[in-house]
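Asker: First, the structure itself, so that you have it in front of you.
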Amino acid sequence: KIPEGEDYKDWYKTNRIEAEIELRFVKAQRLLRRSSQFKAFELMLTVAGSSIGIINNVSVGSGAASNVIAQIQNRFGTWGPVVAAASSSIASHIQAVKLDTNAAAQQETIHKLRMKLSENVGKSAAEWETFVLSCEDILYSHASAKSRRLNSNPDDD
């Protein structure tokens, strides 16, 4: 509700559009951070799986290093860890792509809203109505809907 005595145009721009821009900016930054974490996890699993795969295929000779390699080979088997790491890596990659897509949708909406705010809105009621409808259309555009679908749980973004 617009407080009494406050200009409804300024109130709308500040409390609806600028607040929405800030919310989406914070969310996009959080999504990009999570995406980076998944990418790092993906890399770690890929390196670990590859390393174990290489170690498991090394011929065992004699000596202390060979005993360590033999213990690793006996403990982890030949390909099980490689397959598990690869599948986890793929799953992490898929999640990172989803987060990147969601962040891009948020950033696209932010850009469109900022462009709208920079427009010079006329004083007539019809011009104001067109401005508001255009802003609301941006908020509920396909990009915003896609973003909401990818991130339907606000606590899990």
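Following the order of the structure tokens, first chain is A, next is B, and so on, with residues numbered from 1 inside each chain and ligands from 1 in the order they appear.
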Residues near A:Phe25, anyone? I mean within 10 Å using only C-alpha atoms, not counting same-chain ones fewer than 2 positions away, as JSON, numbers by chain.

Answerer: {"A": [19, 20, 21, 22, 23, 27, 28, 29, 30, 31, 103, 106, 107, 109, 110]}

Asker: Please produce an output containing N, CA, C and O atoms for each residue in the selection, written as a JSON list (two decimals), in the first residue's frame.

Answerer:
```json
[["chain", "number", "residue", "atom", "x", "y", "z"],
["A", 19, "ALA", "N", 13.29, -2.40, -5.95],
["A", 19, "ALA", "CA", 13.36, -3.51, -4.99],
["A", 19, "ALA", "C", 13.48, -4.84, -5.72],
["A", 19, "ALA", "O", 14.22, -5.74, -5.30],
["A", 20, "GLU", "N", 12.76, -4.98, -6.82],
["A", 20, "GLU", "CA", 12.83, -6.21, -7.62],
["A", 20, "GLU", "C", 14.21, -6.37, -8.25],
["A", 20, "GLU", "O", 14.76, -7.47, -8.29],
["A", 21, "ILE", "N", 14.79, -5.27, -8.73],
["A", 21, "ILE", "CA", 16.14, -5.31, -9.29],
["A", 21, "ILE", "C", 17.13, -5.79, -8.24],
["A", 21, "ILE", "O", 17.96, -6.66, -8.49],
["A", 22, "GLU", "N", 17.05, -5.22, -7.05],
["A", 22, "GLU", "CA", 17.96, -5.61, -5.96],
["A", 22, "GLU", "C", 17.80, -7.08, -5.60],
["A", 22, "GLU", "O", 18.79, -7.80, -5.44],
["A", 23, "LEU", "N", 16.56, -7.53, -5.47],
["A", 23, "LEU", "CA", 16.29, -8.93, -5.15],
["A", 23, "LEU", "C", 16.89, -9.86, -6.20],
["A", 23, "LEU", "O", 17.56, -10.84, -5.88],
["A", 27, "LYS", "N", 20.01, -12.55, -5.90],
["A", 27, "LYS", "CA", 19.76, -13.94, -6.27],
["A", 27, "LYS", "C", 20.71, -14.40, -7.37],
["A", 27, "LYS", "O", 21.27, -15.50, -7.30],
["A", 28, "ALA", "N", 20.93, -13.56, -8.38],
["A", 28, "ALA", "CA", 21.84, -13.92, -9.47],
["A", 28, "ALA", "C", 23.26, -14.13, -8.94],
["A", 28, "ALA", "O", 23.94, -15.09, -9.33],
["A", 29, "GLN", "N", 23.70, -13.27, -8.03],
["A", 29, "GLN", "CA", 25.04, -13.42, -7.45],
["A", 29, "GLN", "C", 25.15, -14.72, -6.66],
["A", 29, "GLN", "O", 26.16, -15.43, -6.74],
["A", 30, "ARG", "N", 24.12, -15.04, -5.89],
["A", 30, "ARG", "CA", 24.11, -16.29, -5.12],
["A", 30, "ARG", "C", 24.13, -17.50, -6.05],
["A", 30, "ARG", "O", 24.87, -18.46, -5.81],
["A", 31, "LEU", "N", 23.38, -17.45, -7.14],
["A", 31, "LEU", "CA", 23.36, -18.55, -8.10],
["A", 31, "LEU", "C", 24.72, -18.73, -8.77],
["A", 31, "LEU", "O", 25.18, -19.85, -8.96],
["A", 103, "ALA", "N", 20.78, -17.65, -13.37],
["A", 103, "ALA", "CA", 21.44, -16.36, -13.11],
["A", 103, "ALA", "C", 21.35, -15.46, -14.34],
["A", 103, "ALA", "O", 21.10, -14.26, -14.21],
["A", 106, "GLN", "N", 17.93, -13.97, -14.52],
["A", 106, "GLN", "CA", 17.79, -12.89, -13.54],
["A", 106, "GLN", "C", 18.47, -11.62, -14.04],
["A", 106, "GLN", "O", 17.92, -10.52, -13.95],
["A", 107, "GLN", "N", 19.67, -11.77, -14.59],
["A", 107, "GLN", "CA", 20.42, -10.61, -15.07],
["A", 107, "GLN", "C", 19.73, -9.96, -16.27],
["A", 107, "GLN", "O", 19.74, -8.73, -16.41],
["A", 109, "THR", "N", 16.50, -9.86, -16.81],
["A", 109, "THR", "CA", 15.36, -9.13, -16.25],
["A", 109, "THR", "C", 15.84, -7.83, -15.60],
["A", 109, "THR", "O", 15.22, -6.77, -15.77],
["A", 110, "ILE", "N", 16.94, -7.90, -14.87],
["A", 110, "ILE", "CA", 17.51, -6.69, -14.24],
["A", 110, "ILE", "C", 17.83, -5.65, -15.31],
["A", 110, "ILE", "O", 17.48, -4.47, -15.16]]
```

Asker: I'd like the interatomic distance between atom CA of A:Glu136 and atom CA of A:Ile17, to a tenth of an Å.

Answerer: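 These two atoms are separated by 8.9 Å.
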
Asker: Counting only C-alpha atoms, figure out which residue out of A:Glu18, A:Glu42, A:Glu119, A:Glu127 gets nearest to A:Leu139.

Answerer: A:Glu18

Asker: By how many Å are atom CA of A:Val121 and atom CA of A:Asp10 apart?

Answerer: 11.3 Å

Asker: How many Å lie between atom CA of A:Gly122 and atom CA of A:Glu6, rounded to one decimal?

Answerer: 18.3 Å
